[in-house]
$ cat coords-v5.cif   # mmCIF, C-alpha atoms
data_data
loop_
_atom_site.label_atom_id
_atom_site.label_comp_id
_atom_site.auth_asym_id
_atom_site.auth_seq_id
_atom_site.Cartn_x
_atom_site.Cartn_y
_atom_site.Cartn_z
CA MET A 285 0.00 0.00 0.00
CA LYS A 286 1.13 3.48 -0.84
CA LEU A 287 1.43 5.81 2.15
CA GLU A 288 1.63 9.58 2.20
CA PRO A 289 4.52 11.31 4.03
CA LYS A 290 2.21 11.96 7.00
CA THR A 291 1.22 8.32 7.42
CA GLU A 292 4.80 7.22 6.73
CA ALA A 293 5.85 9.36 9.69
CA MET A 294 3.14 7.74 11.82
CA LEU A 295 4.35 4.29 10.82
CA ALA A 296 7.90 5.22 11.76
CA GLY A 297 6.73 6.17 15.25
CA GLU A 298 7.42 9.86 14.81
CA MET A 299 3.90 10.77 15.98
CA GLY A 300 3.66 8.42 18.94
CA ALA A 301 2.99 4.78 19.71
CA ALA A 302 -0.79 5.00 19.25
CA ARG A 303 -0.55 6.26 15.67
CA LYS A 304 2.19 3.77 14.87
CA TRP A 305 -0.13 0.97 16.05
CA ALA A 306 -2.99 2.50 14.04
CA VAL A 307 -1.12 2.58 10.72
CA GLU A 308 0.21 -0.94 11.26
CA HIS A 309 -3.37 -2.12 11.80
CA GLN A 310 -4.61 -0.27 8.73
CA LEU A 311 -1.88 -1.76 6.57
CA GLN A 312 -2.99 -5.25 7.57
CA VAL A 313 -6.62 -4.48 6.79
CA GLY A 314 -5.75 -2.74 3.52
CA ARG A 315 -3.59 -5.58 2.29
CA MET A 316 -6.38 -8.03 3.13
CA PHE A 317 -8.73 -6.12 0.80
CA ASP A 318 -6.13 -5.20 -1.85
CA ALA A 319 -6.27 -1.48 -1.08
CA SER A 320 -3.74 0.49 -3.10
CA ASP A 321 -3.59 3.44 -0.71
CA MET A 322 -5.42 5.28 2.06
CA VAL A 323 -8.22 7.82 1.85
CA GLU A 324 -8.65 10.77 4.18
CA VAL A 325 -11.81 10.59 6.32
CA SER A 326 -13.71 13.39 8.06
CA GLN A 327 -15.29 11.41 10.93
CA ALA A 328 -14.98 8.11 12.76
CA HIS A 329 -17.63 6.14 14.64
CA MET A 330 -16.55 3.24 16.85
CA MET A 331 -18.54 0.19 17.88
CA ALA A 332 -17.15 -0.78 21.27
CA ASP A 333 -19.81 -2.15 23.59
CA PRO A 334 -18.19 -3.86 26.60
CA GLU A 335 -19.80 -7.22 25.87
CA SER A 336 -17.82 -7.30 22.62
CA ILE A 337 -14.50 -5.75 23.60
CA GLY A 338 -14.16 -7.30 27.06
CA GLU A 339 -11.21 -6.79 29.37
CA ALA A 340 -8.65 -6.99 26.54
CA GLY A 341 -10.27 -4.21 24.54
CA VAL A 342 -10.55 -1.92 27.55
CA ALA A 343 -6.91 -2.59 28.43
CA LEU A 344 -5.88 -1.63 24.87
CA ILE A 345 -7.59 1.76 25.14
CA GLU A 346 -6.22 2.29 28.63
CA GLY A 347 -2.73 1.65 27.30
CA PHE A 348 -3.17 4.43 24.77
CA ALA A 349 -4.68 6.67 27.45
CA ALA A 350 -1.44 6.37 29.46
CA LEU A 351 0.59 7.94 26.63
CA PRO A 352 1.49 11.65 26.56
CA GLU A 353 -1.50 13.75 25.52
CA ALA A 354 -0.02 14.84 22.18
CA ASP A 355 0.55 11.20 21.22
CA ARG A 356 -2.90 9.87 22.05
CA ARG A 357 -5.50 12.44 20.94
CA VAL A 358 -7.66 11.49 17.94
CA ALA A 359 -7.03 13.45 14.76
CA ILE A 360 -10.65 13.87 13.60
CA PRO A 361 -14.09 14.02 15.26
CA MET A 362 -14.73 10.56 16.70
CA ILE A 363 -17.89 9.27 18.35
CA THR A 364 -19.16 6.02 19.86
CA ASP A 365 -21.91 3.44 19.43
CA PRO A 366 -24.37 2.56 22.26
CA ARG A 367 -23.05 1.43 25.63
CA GLY A 368 -23.80 -1.73 27.57
CA VAL A 369 -25.03 -0.08 30.77
CA ASP A 370 -26.97 3.15 31.26
CA LEU A 371 -24.82 4.95 33.81
CA ASN A 372 -26.79 8.21 33.72
CA TYR A 373 -29.30 7.07 36.30
CA TYR A 374 -27.68 3.88 37.43
CA ASP A 375 -30.26 1.17 38.08
CA PRO A 376 -29.13 -2.04 36.37
CA LEU A 377 -31.58 -4.21 34.47
CA GLY A 378 -29.56 -7.26 35.43
CA GLN A 379 -26.02 -6.21 34.58
CA THR A 380 -23.45 -6.73 37.34
CA GLU A 381 -21.24 -4.15 39.01
CA ASP A 382 -18.27 -5.69 37.21
CA MET A 383 -19.99 -4.92 33.90
CA ALA A 384 -20.64 -1.34 34.98
CA ASN A 385 -17.05 -0.87 36.14
CA LEU A 386 -15.76 -2.11 32.79
CA GLU A 387 -17.89 0.61 31.18
CA ARG A 388 -16.56 3.28 33.54
CA ARG A 389 -12.97 2.35 32.74
CA PHE A 390 -13.62 2.32 29.01
CA ILE A 391 -15.39 5.69 29.04
CA ALA A 392 -12.58 7.33 31.01
CA ALA A 393 -9.95 5.95 28.64
CA CYS A 394 -11.86 7.05 25.52
CA GLN A 395 -12.35 10.55 26.87
CA SER A 396 -8.61 10.86 27.47
CA LEU A 397 -8.12 10.18 23.74
CA GLY A 398 -10.57 12.96 22.84
CA ILE A 399 -13.32 10.54 21.76
CA MET A 400 -16.80 11.99 22.20
CA MET A 401 -19.02 9.56 24.12
CA THR A 402 -22.16 10.07 22.09
CA ASN A 403 -23.23 6.44 22.57
CA THR A 404 -25.54 6.36 19.59
CA CYS A 405 -26.27 4.31 16.50
CA ILE A 406 -28.26 7.16 14.91
CA ASN A 407 -25.56 9.82 14.69
CA TYR A 408 -26.78 10.65 11.17
CA GLN A 409 -30.01 11.90 12.80
CA THR A 410 -28.53 13.52 15.88
CA ILE A 411 -24.94 14.78 15.55
CA MET A 412 -23.41 15.56 12.16
CA SER A 413 -24.81 13.78 9.15
CA PRO A 414 -22.22 13.04 6.45
CA VAL A 415 -22.82 14.53 3.02
CA ARG A 416 -22.67 13.04 -0.45
CA GLY A 417 -19.15 12.02 -1.38
CA ASP A 418 -17.88 12.38 2.20
CA HIS A 419 -15.42 9.62 3.14
CA VAL A 420 -15.98 8.47 6.74
CA ALA A 421 -14.99 5.52 8.93
CA TYR A 422 -18.16 4.25 10.58
CA GLY A 423 -18.69 1.07 12.55
CA ASP A 424 -22.33 0.32 13.28
CA THR A 425 -23.93 -1.47 10.33
CA GLY A 426 -27.10 0.62 10.51
CA VAL A 427 -25.05 3.78 10.54
CA VAL A 428 -23.00 2.66 7.54
CA ILE A 429 -25.91 1.60 5.35
CA TYR A 430 -27.88 4.78 6.07
CA SER A 431 -24.86 7.01 5.48
CA ASN A 432 -23.93 5.24 2.23
CA SER A 433 -27.46 4.93 0.86
CA ILE A 434 -29.46 7.91 2.11
CA CYS A 435 -26.64 10.44 2.55
CA GLY A 436 -24.44 9.29 -0.33
CA ALA A 437 -21.35 9.17 1.90
CA ARG A 438 -18.63 6.51 1.63
CA SER A 439 -17.84 4.02 4.37
CA ASN A 440 -17.19 0.34 4.87
CA PHE A 441 -18.21 -1.56 8.00
CA GLU A 442 -15.30 -0.59 10.26
CA GLY A 443 -14.58 -2.96 13.14
CA GLY A 444 -13.82 -1.37 16.51
CA PRO A 445 -10.01 -1.39 16.12
CA SER A 446 -10.27 -0.14 12.53
CA ALA A 447 -12.51 2.76 13.52
CA LEU A 448 -10.12 3.62 16.35
CA ALA A 449 -7.20 3.52 13.92
CA ALA A 450 -9.05 5.87 11.57
CA GLY A 451 -9.76 8.24 14.43
CA LEU A 452 -6.07 8.34 15.37
CA THR A 453 -4.75 8.76 11.81
CA GLY A 454 -7.55 10.54 9.96
CA TYR A 455 -7.30 7.94 7.19
CA THR A 456 -8.71 4.54 6.30
CA PRO A 457 -7.71 1.98 3.62
CA ARG A 458 -9.29 2.79 0.26
CA TYR A 459 -11.25 -0.36 -0.62
CA GLY A 460 -14.84 -1.49 -0.87
CA LEU A 461 -17.36 1.33 -0.89
CA HIS A 462 -14.70 4.04 -0.96
CA LEU A 463 -14.28 3.00 -4.61
CA GLU A 464 -16.86 4.22 -7.12
CA GLU A 465 -16.94 0.93 -9.05
CA ASN A 466 -18.13 -0.97 -5.96
CA ARG A 467 -21.16 1.31 -5.54
CA ARG A 468 -22.85 0.18 -8.77
CA ALA A 469 -25.97 -2.00 -8.52
CA THR A 470 -25.52 -5.76 -8.72
CA ARG A 471 -29.09 -6.90 -7.89
CA ARG A 472 -32.39 -5.40 -9.03
CA TYR A 473 -35.63 -5.76 -7.05
CA VAL A 474 -39.15 -4.64 -7.95
CA VAL A 475 -41.50 -4.02 -5.02
CA GLU A 476 -45.15 -4.99 -5.54
CA GLU A 477 -46.54 -3.84 -2.16
CA GLN A 478 -45.92 -0.38 -0.71
CA PRO A 479 -44.53 -0.19 2.83
CA ARG A 480 -46.52 1.98 5.23
CA ASP A 481 -45.27 2.06 8.83
CA LEU A 482 -41.81 1.61 10.32
CA THR A 483 -42.25 -2.13 10.63
CA ASP A 484 -43.21 -2.48 6.97
CA TRP A 485 -40.06 -0.65 5.92
CA GLY A 486 -38.03 -2.90 8.19
CA VAL A 487 -39.65 -6.02 6.74
CA LEU A 488 -38.90 -4.86 3.21
CA GLY A 489 -35.28 -4.23 4.19
CA ALA A 490 -35.01 -7.65 5.78
CA VAL A 491 -36.37 -9.43 2.69
CA VAL A 492 -34.03 -7.51 0.36
CA GLY A 493 -31.10 -8.27 2.68
CA LYS A 494 -31.90 -11.98 2.78
CA ARG A 495 -32.19 -12.06 -0.99
CA ALA A 496 -28.92 -10.19 -1.58
CA GLY A 497 -27.05 -12.06 1.14
CA SER A 498 -23.57 -10.59 0.71
CA TYR A 499 -21.55 -7.54 1.67
CA TRP A 500 -20.47 -7.18 -1.94
CA GLU A 501 -23.98 -7.13 -3.43
CA VAL A 502 -25.59 -3.71 -4.01
CA PRO A 503 -29.39 -3.82 -4.39
CA VAL A 504 -31.30 -1.30 -6.47
CA ILE A 505 -35.00 -1.16 -5.64
CA GLU A 506 -37.79 -0.09 -7.99
CA GLY A 507 -41.48 0.46 -7.37
CA ILE A 508 -41.31 2.59 -4.21
CA GLU A 509 -43.92 5.30 -4.69
CA THR A 510 -43.40 7.32 -1.50
CA VAL A 511 -40.23 8.96 -0.27
CA PRO A 512 -39.46 7.36 3.11
CA THR A 513 -39.02 9.49 6.19
CA SER A 514 -35.65 9.41 7.89
CA ASP A 515 -37.00 6.93 10.47
CA GLN A 516 -38.50 4.68 7.80
CA ALA A 517 -35.24 4.64 5.86
CA LYS A 518 -33.42 3.96 9.12
CA HIS A 519 -35.49 0.85 9.86
CA MET A 520 -35.20 -0.37 6.29
CA GLY A 521 -31.42 -0.03 6.22
CA ALA A 522 -30.85 -1.47 9.69
CA ALA A 523 -32.83 -4.59 8.80
CA MET A 524 -31.17 -4.96 5.39
CA ALA A 525 -27.72 -4.80 6.97
CA SER A 526 -28.74 -7.24 9.69
CA TYR A 527 -30.17 -9.88 7.34
CA GLY A 528 -27.78 -9.48 4.44
CA SER A 529 -24.62 -7.73 5.69
CA THR A 530 -25.62 -5.14 3.11
CA PRO A 531 -23.78 -1.78 3.39
CA LEU A 532 -25.43 0.09 0.49
CA PHE A 533 -28.71 0.13 -1.43
CA HIS A 534 -30.27 2.40 -4.00
CA ILE A 535 -33.95 3.34 -4.49
CA VAL A 536 -34.73 4.59 -7.98
CA GLY A 537 -35.72 8.25 -7.96
CA ILE A 538 -35.11 8.64 -4.22
CA THR A 539 -31.58 7.96 -3.02
CA PRO A 540 -28.95 10.51 -4.07
CA GLU A 541 -26.90 8.36 -6.42
CA CYS A 542 -29.90 6.90 -8.26
CA ALA A 543 -32.12 9.46 -9.96
CA THR A 544 -32.59 6.82 -12.67
CA ILE A 545 -31.70 3.16 -12.74
CA GLU A 546 -29.09 3.91 -15.38
CA ASP A 547 -27.18 6.00 -12.85
CA VAL A 548 -26.17 2.82 -10.98
CA ASP A 549 -25.84 0.61 -14.08
CA GLY A 550 -28.94 -1.34 -13.10
CA ALA A 551 -30.89 -1.30 -16.35
CA GLY A 552 -29.34 -4.51 -17.62
CA LEU A 553 -29.99 -6.48 -14.42
CA HIS A 554 -32.85 -8.96 -14.14
CA GLY A 555 -35.69 -7.50 -12.06
CA GLU A 556 -36.60 -9.82 -9.18
CA LYS A 557 -40.11 -9.28 -7.79
CA ILE A 558 -40.72 -8.86 -4.07
CA THR A 559 -44.33 -9.87 -3.61
CA LYS A 560 -46.89 -9.27 -0.87
CA ASP A 561 -46.86 -13.00 -0.16
CA GLU A 562 -43.11 -12.96 0.50
CA LEU A 563 -43.42 -10.00 2.86
CA ASP A 564 -46.35 -11.63 4.67
CA GLU A 565 -44.39 -14.87 4.98
CA PHE A 566 -41.58 -13.00 6.69
CA ARG A 567 -43.99 -11.35 9.12
CA GLY A 568 -45.59 -14.71 9.85
CA GLY A 569 -42.26 -16.09 11.00
CA PHE A 570 -42.32 -13.59 13.87
CA GLY A 571 -45.99 -13.77 14.75
CA ALA A 572 -47.18 -14.88 18.20
CA SER A 573 -50.70 -13.52 18.55
CA GLY A 574 -52.31 -14.18 21.93
CA GLU A 575 -49.12 -15.24 23.72
CA GLU A 576 -48.04 -13.59 26.95
CA VAL A 577 -45.22 -11.10 26.43
CA ASP A 578 -42.42 -10.60 28.95
CA VAL A 579 -40.80 -7.46 27.53
CA VAL A 580 -41.59 -4.93 24.82
CA VAL A 581 -38.51 -3.23 23.39
CA PHE A 582 -38.12 -0.16 21.21
CA ALA A 583 -34.47 -0.20 20.09
CA ALA A 584 -32.10 -1.29 17.30
CA PRO A 585 -31.98 1.35 16.00
CA GLN A 586 -32.29 3.81 18.86
CA LEU A 587 -35.32 6.08 18.71
CA SER A 588 -35.26 9.56 17.20
CA LEU A 589 -37.11 12.42 18.84
CA VAL A 590 -39.96 11.90 16.38
CA GLU A 591 -40.25 8.23 17.36
CA MET A 592 -40.10 9.16 21.05
CA GLY A 593 -43.06 11.44 20.45
CA GLU A 594 -44.98 8.71 18.65
CA VAL A 595 -44.41 6.20 21.46
CA ALA A 596 -45.33 8.81 24.08
CA ALA A 597 -48.59 9.64 22.29
CA LEU A 598 -49.56 5.95 22.26
CA CYS A 599 -48.73 5.61 25.96
CA ARG A 600 -50.74 8.55 27.27
CA GLY A 601 -53.73 7.57 29.39
CA ARG A 602 -52.73 3.88 29.50
CA LYS A 603 -50.80 1.59 31.84
CA ARG A 604 -48.58 -1.33 31.03
CA HIS A 605 -49.42 -4.76 32.40
CA ASP A 606 -47.66 -5.67 35.65
CA ASP A 607 -46.07 -8.74 34.04
CA THR A 608 -44.72 -6.97 30.94
CA ALA A 609 -41.62 -4.78 30.98
CA PHE A 610 -41.46 -1.85 28.56
CA LEU A 611 -38.07 -0.48 27.45
CA VAL A 612 -37.22 2.41 25.14
CA CYS A 613 -33.61 3.13 24.06
CA THR A 614 -32.53 6.54 22.81
CA PRO A 615 -29.33 8.63 22.69
CA ALA A 616 -28.65 10.99 25.58
CA GLY A 617 -29.06 14.00 23.29
CA VAL A 618 -32.51 12.86 22.22
CA TYR A 619 -33.38 12.01 25.82
CA ALA A 620 -32.80 15.63 26.88
CA ASP A 621 -35.19 16.93 24.21
CA ALA A 622 -37.70 14.15 24.89
CA LYS A 623 -37.62 15.03 28.58
CA SER A 624 -38.21 18.72 27.95
CA THR A 625 -41.13 18.00 25.62
CA GLY A 626 -42.84 15.62 28.04
CA PHE A 627 -42.24 12.45 26.03
CA VAL A 628 -40.15 10.75 28.72
CA ASP A 629 -42.73 11.51 31.40
CA ALA A 630 -45.53 10.05 29.27
CA ILE A 631 -43.59 6.82 28.71
CA GLU A 632 -42.66 6.56 32.39
CA ASP A 633 -46.26 7.29 33.48
CA PHE A 634 -47.27 4.35 31.31
CA GLY A 635 -44.83 2.22 33.31
CA GLY A 636 -42.01 2.17 30.80
CA ARG A 637 -38.34 2.85 31.23
CA VAL A 638 -36.30 5.10 28.96
CA LEU A 639 -32.64 4.10 28.69
CA GLN A 640 -30.02 6.63 27.60
CA GLY A 641 -27.17 5.77 25.30
CA THR A 642 -27.78 2.02 25.20
CA CYS A 643 -29.31 -0.39 22.73
CA PHE A 644 -31.01 -3.52 23.96
CA TYR A 645 -28.93 -6.20 22.29
CA GLN A 646 -25.68 -4.40 23.16
CA GLN A 647 -26.35 -4.26 26.89
CA TYR A 648 -25.81 -7.89 27.89
CA ALA A 649 -29.17 -8.97 26.50
CA ARG A 650 -28.73 -12.62 27.48
CA GLU A 651 -27.77 -11.79 31.06
CA ILE A 652 -30.61 -9.33 31.64
CA GLY A 653 -33.08 -11.77 30.11
CA GLU A 654 -31.96 -14.49 32.50
CA ALA A 655 -31.94 -12.10 35.47
CA ASN A 656 -35.52 -10.99 34.81
CA GLY A 657 -36.94 -14.24 33.46
CA TRP A 658 -37.70 -12.69 30.07
CA THR A 659 -38.23 -15.02 27.14
CA ARG A 660 -41.00 -13.72 24.90
CA LEU A 661 -39.93 -10.36 23.48
CA LEU A 662 -41.91 -8.04 21.22
CA SER A 663 -40.56 -5.20 19.09
CA ASN A 664 -41.35 -3.16 16.00
CA SER A 665 -37.74 -3.54 14.81
CA ALA A 666 -37.07 -6.17 12.16
CA LYS A 667 -33.39 -5.91 13.04
CA ILE A 668 -33.76 -6.72 16.71
CA VAL A 669 -35.95 -9.77 16.19
CA ASN A 670 -33.28 -11.15 13.89
CA ILE A 671 -30.58 -10.76 16.53
CA LEU A 672 -32.26 -11.75 19.77
CA GLY A 673 -33.14 -15.32 18.87
CA GLY A 674 -29.46 -15.99 19.46
CA TYR A 675 -29.64 -14.52 22.96
CA GLY A 676 -32.22 -16.92 24.34
CA TYR A 677 -35.36 -14.96 23.46
CA LYS A 678 -38.43 -15.87 21.45
CA PRO A 679 -38.84 -12.63 19.47
CA ALA A 680 -42.05 -11.39 17.87
CA LEU A 681 -42.61 -8.48 15.50
CA ALA A 682 -45.47 -5.98 15.45
CA THR A 683 -46.24 -2.36 14.64
CA MET A 684 -45.49 0.37 17.17
CA GLU A 685 -49.20 0.64 17.93
CA ASP A 686 -49.58 -3.08 18.56
CA CYS A 687 -46.42 -3.16 20.67
CA VAL A 688 -47.87 -0.57 23.06
CA ALA A 689 -51.27 -2.28 23.08
CA SER A 690 -49.59 -5.61 23.84
CA ALA A 691 -47.64 -4.10 26.73
CA GLU A 692 -50.92 -2.82 28.11
CA ALA A 693 -52.67 -6.18 27.68
CA GLY A 694 -49.77 -8.36 28.82
CA ARG A 695 -50.14 -10.49 25.73
CA ILE A 696 -49.55 -10.00 22.01
CA VAL A 697 -52.62 -8.48 20.40
#
$ encode --input "coords-v5.cif" --output "C-alpha cells"
Amino acid sequence: MKLEPKTEAMLAGEMGAARKWAVEHQLQVGRMFDASDMVEVSQAHMMADPESIGEAGVALIEGFAALPEADRRVAIPMITDPRGVDLNYYDPLGQTEDMANLERRFIAACQSLGIMMTNTCINYQTIMSPVRGDHVAYGDTGVVIYSNSICGARSNFEGGPSALAAGLTGYTPRYGLHLEENRRATRRYVVEEQPRDLTDWGVLGAVVGKRAGSYWEVPVIEGIETVPTSDQAKHMGAAMASYGSTPLFHIVGITPECATIEDVDGAGLHGEKITKDELDEFRGGFGASGEEVDVVVFAAPQLSLVEMGEVAALCRGRKRHDDTAFLVCTPAGVYADAKSTGFVDAIEDFGGRVLQGTCFYQQYAREIGEANGWTRLLSNSAKIVNILGGYGYKPALATMEDCVASAEAGRIV
C-alpha cells in the first residue's frame, strides 16, 4: 500500500505509539482487501460495547490513554456506538457491578483520547450527518448503510479497532465502498406492495437483505412510490444490513446516487419481484398472537425524537401490564429533548423505562433476560428480532401501535 509522508511518519513512530499501532493495523486491513492506498476521512464512529471488547479491549484503550497527551489524541471528530449499561441514572436491568465498572474504565480511557461519548447508532439523525461524497470511517452497520445509501457518503463496516485507527490517523484503507466501481448496482428488485409504517419498511429491508445475502452485493429497488421518512429509511437499512450484511442500497428516484436506474448501471440487471406473499411470509415467522409477552422493546436502531413522540402519544392515558416490561432506548441527546417535551414523562407514566445511550442487544441482553426471566420479546424492529433469537429470546414483530397495546394487555394483540 502506498502511504503519504504523513502516514509514513506515523508508521515510523514519529507521531507516537498510538498512531504507529494504528497505521500498522490499517496496513494489515488494507492488504487483506487489496487497497492500493489510504483515503482521508472526516469522521470516525466506533462500535465498542463492553460485551464485545471485554477486558482486553478496555486494556488496549487504557494503554493508549497512558501515553502523553499529544501522542494519544484522535485526529478527527470521533464518536461512539451505544453502551452496555446506562450509567446516567444507574439502576441495572440485570447487569453486574463488574460490567458497569468495565464501562466506567472504558469511558474514562476514551475521553482521554478525545473521543466523544455520544453512545448512539443514529448519529446521522442527531450529531453531524455526512454529506454526499464524504469519506468516513463508521462502525455500526445501521449507521453505515444509512450514510452510504441515504446520505451518499462513503464508508465500509469498520470494526472497533479499525474505527479507532481511523480516528487516530484521519485515514482509512481505500477499498470497498470508498471506490466508485463498488457502488454500482448488482441486484435489481421490484416491489409490488408499498410499505406503510416503520415495521413495513423494516420487513422490506429484511427481505431484500436476505435475498442479496452478501456484503459485496448492491441492491437497487424499484417500485417505491413514496419517499421514506428518515425513520422509515433507518429501519429499512438497519434490517437490510442485519439480514444481508448489506452496506449500500439504491432506491430509484429517491436515493442521491440513483435518480434513474441507469445511474447505478442497473438497467441490464434482471428485475426480481418482491411480492406481498413474500413479505407476509416473513412477518408470519415472527408472529405470536395471543401469547403472553415478557418485555416490549423499542431499540435497534435507537429512537429519534420523532419516534419518542410517537411512542409517548400511544402511551398517554394507558398503563402497562404488571407482568410486561417496557423499554425504550434513545441517545442521551434525544433524551434531553424528549424530557423537555414531556415524552419521557408520558412513557414513564405508562410504566415504561427510557434508557439513555444504550441499545437492547448491546447491553448484555442474554444476562438481563436471564436475570428478569424474560423469554418472549416483542418489538417493531425487524433488526432486533433477527438478533435476539441468538440470545435466548423468542422474538415477535409488530407495529409500534400493537407493541404498546400488547404491553398494556400483557399479551400480544
$ closest_atom_pairs --input "coords-v5.cif" --of "range 488-541 of chain A" --to "range 406-409 of chain A" --cutoff "12 Å" --atoms "only C-alpha atoms" --output "JSON lines"
{"residue": "A:Thr513", "atom": "CA", "partner": "A:Gln409", "partner_atom": "CA", "distance": 11.4}
{"residue": "A:Ser514", "atom": "CA", "partner": "A:Gln409", "partner_atom": "CA", "distance": 7.9}
{"residue": "A:Asp515", "atom": "CA", "partner": "A:Gln409", "partner_atom": "CA", "distance": 8.9}
{"residue": "A:Ala517", "atom": "CA", "partner": "A:Gln409", "partner_atom": "CA", "distance": 11.3}
{"residue": "A:Lys518", "atom": "CA", "partner": "A:Ile406", "partner_atom": "CA", "distance": 8.4}
{"residue": "A:His519", "atom": "CA", "partner": "A:Ile406", "partner_atom": "CA", "distance": 10.8}
{"residue": "A:Gly521", "atom": "CA", "partner": "A:Ile406", "partner_atom": "CA", "distance": 11.7}
{"residue": "A:Ala522", "atom": "CA", "partner": "A:Ile406", "partner_atom": "CA", "distance": 10.4}
$ resolve_selection --input "coords-v5.cif" --expression "the PyMOL selection byres ((chain A and resi 669) around 12)" --output "PyMOL selection string"
chain A and resi 483+486-487+490+522-523+526-527+566-567+569-571+580-585+644-645+660-668+670-682
$ atom_distance --input "coords-v5.cif" --atom1 "CA of Gly489 in chain A" --atom2 "CA of Cys435 in chain A"
17.1 Å
$ closest_residue --input "coords-v5.cif" --among "A:Gly300, A:Gly454, A:Gly347, A:Gly507" --to "Cys394 in chain A" --atoms "all atoms listed in the file"
A:Gly347
$ resolve_selection --input "coords-v5.cif" --expression "the PyMOL selection byres ((chain A and resi 478) around 10)" --output "PyMOL selection string"
chain A and resi 475-477+479-481+484-485+488+507-510+560
$ write_last_selection --input "coords-v5.cif" --atoms "C-alpha atoms" --output "PDB file, keeping the file's coordinate frame"
ATOM      1  CA  VAL A 475     -41.500  -4.020  -5.020  1.00  0.00           C
ATOM      2  CA  GLU A 476     -45.150  -4.990  -5.540  1.00  0.00           C
ATOM      3  CA  GLU A 477     -46.540  -3.840  -2.160  1.00  0.00           C
ATOM      4  CA  PRO A 479     -44.530  -0.190   2.830  1.00  0.00           C
ATOM      5  CA  ARG A 480     -46.520   1.980   5.230  1.00  0.00           C
ATOM      6  CA  ASP A 481     -45.270   2.060   8.830  1.00  0.00           C
ATOM      7  CA  ASP A 484     -43.210  -2.480   6.970  1.00  0.00           C
ATOM      8  CA  TRP A 485     -40.060  -0.650   5.920  1.00  0.00           C
ATOM      9  CA  LEU A 488     -38.900  -4.860   3.210  1.00  0.00           C
ATOM     10  CA  GLY A 507     -41.480   0.460  -7.370  1.00  0.00           C
ATOM     11  CA  ILE A 508     -41.310   2.590  -4.210  1.00  0.00           C
ATOM     12  CA  GLU A 509     -43.920   5.300  -4.690  1.00  0.00           C
ATOM     13  CA  THR A 510     -43.400   7.320  -1.500  1.00  0.00           C
ATOM     14  CA  LYS A 560     -46.890  -9.270  -0.870  1.00  0.00           C
TER      15      LYS A 560
END
$ resolve_selection --input "coords-v5.cif" --expression "the PyMOL selection byres ((chain A and resi 498) around 12)" --output "PyMOL selection string"
chain A and resi 470-471+492-497+499-503+524-532
$ residues_near_point --input "coords-v5.cif" --point "(1.1, 8.5, 9.1)" --cutoff "10 Å" --atoms "all atoms listed in the file" --output "JSON list (two decimals) with C-alpha atoms, in the frame of the given file"
[["chain", "number", "residue", "atom", "x", "y", "z"],
["A", 287, "LEU", "CA", 1.43, 5.81, 2.15],
["A", 288, "GLU", "CA", 1.63, 9.58, 2.20],
["A", 289, "PRO", "CA", 4.52, 11.31, 4.03],
["A", 290, "LYS", "CA", 2.21, 11.96, 7.00],
["A", 291, "THR", "CA", 1.22, 8.32, 7.42],
["A", 292, "GLU", "CA", 4.80, 7.22, 6.73],
["A", 293, "ALA", "CA", 5.85, 9.36, 9.69],
["A", 294, "MET", "CA", 3.14, 7.74, 11.82],
["A", 295, "LEU", "CA", 4.35, 4.29, 10.82],
["A", 296, "ALA", "CA", 7.90, 5.22, 11.76],
["A", 297, "GLY", "CA", 6.73, 6.17, 15.25],
["A", 298, "GLU", "CA", 7.42, 9.86, 14.81],
["A", 299, "MET", "CA", 3.90, 10.77, 15.98],
["A", 303, "ARG", "CA", -0.55, 6.26, 15.67],
["A", 304, "LYS", "CA", 2.19, 3.77, 14.87],
["A", 306, "ALA", "CA", -2.99, 2.50, 14.04],
["A", 307, "VAL", "CA", -1.12, 2.58, 10.72],
["A", 308, "GLU", "CA", 0.21, -0.94, 11.26],
["A", 452, "LEU", "CA", -6.07, 8.34, 15.37],
["A", 453, "THR", "CA", -4.75, 8.76, 11.81],
["A", 454, "GLY", "CA", -7.55, 10.54, 9.96],
["A", 455, "TYR", "CA", -7.30, 7.94, 7.19]]
$ closest_residue --input "coords-v5.cif" --among "A:Gly552, A:Gly460, A:Ile391, A:Asn403" --to "Ser320 in chain A" --atoms "only C-alpha atoms"
A:Gly460
$ closest_atom_pairs --input "coords-v5.cif" --of "range 548-659 of chain A" --to "range 364-386 of chain A" --cutoff "10 Å" --atoms "only C-alpha atoms" --output "CSV"
residue,atom,partner,partner_atom,distance
A:Ala584,CA,A:Pro366,CA,10.0
A:Pro585,CA,A:Pro366,CA,9.9
A:Gln586,CA,A:Pro366,CA,8.7
A:Cys613,CA,A:Pro366,CA,9.4
A:Thr614,CA,A:Pro366,CA,9.1
A:Pro615,CA,A:Pro366,CA,7.9
A:Ala616,CA,A:Asn372,CA,8.8
A:Val638,CA,A:Asp370,CA,9.8
A:Leu639,CA,A:Asp370,CA,6.3
A:Gln640,CA,A:Asp370,CA,5.9
A:Gly641,CA,A:Pro366,CA,5.2
A:Thr642,CA,A:Pro366,CA,4.5
A:Cys643,CA,A:Pro366,CA,5.8
A:Phe644,CA,A:Gly368,CA,8.3
A:Tyr645,CA,A:Gly368,CA,8.6
A:Gln646,CA,A:Gly368,CA,5.5
A:Gln647,CA,A:Gly368,CA,3.7
A:Tyr648,CA,A:Gly368,CA,6.5
A:Ala649,CA,A:Gly368,CA,9.1
A:Arg650,CA,A:Gly378,CA,9.6
A:Glu651,CA,A:Gly378,CA,6.5
A:Ile652,CA,A:Gly378,CA,4.4
A:Gly653,CA,A:Gly378,CA,7.8
A:Glu654,CA,A:Gly378,CA,8.2
A:Ala655,CA,A:Gly378,CA,5.4
A:Asn656,CA,A:Gly378,CA,7.1
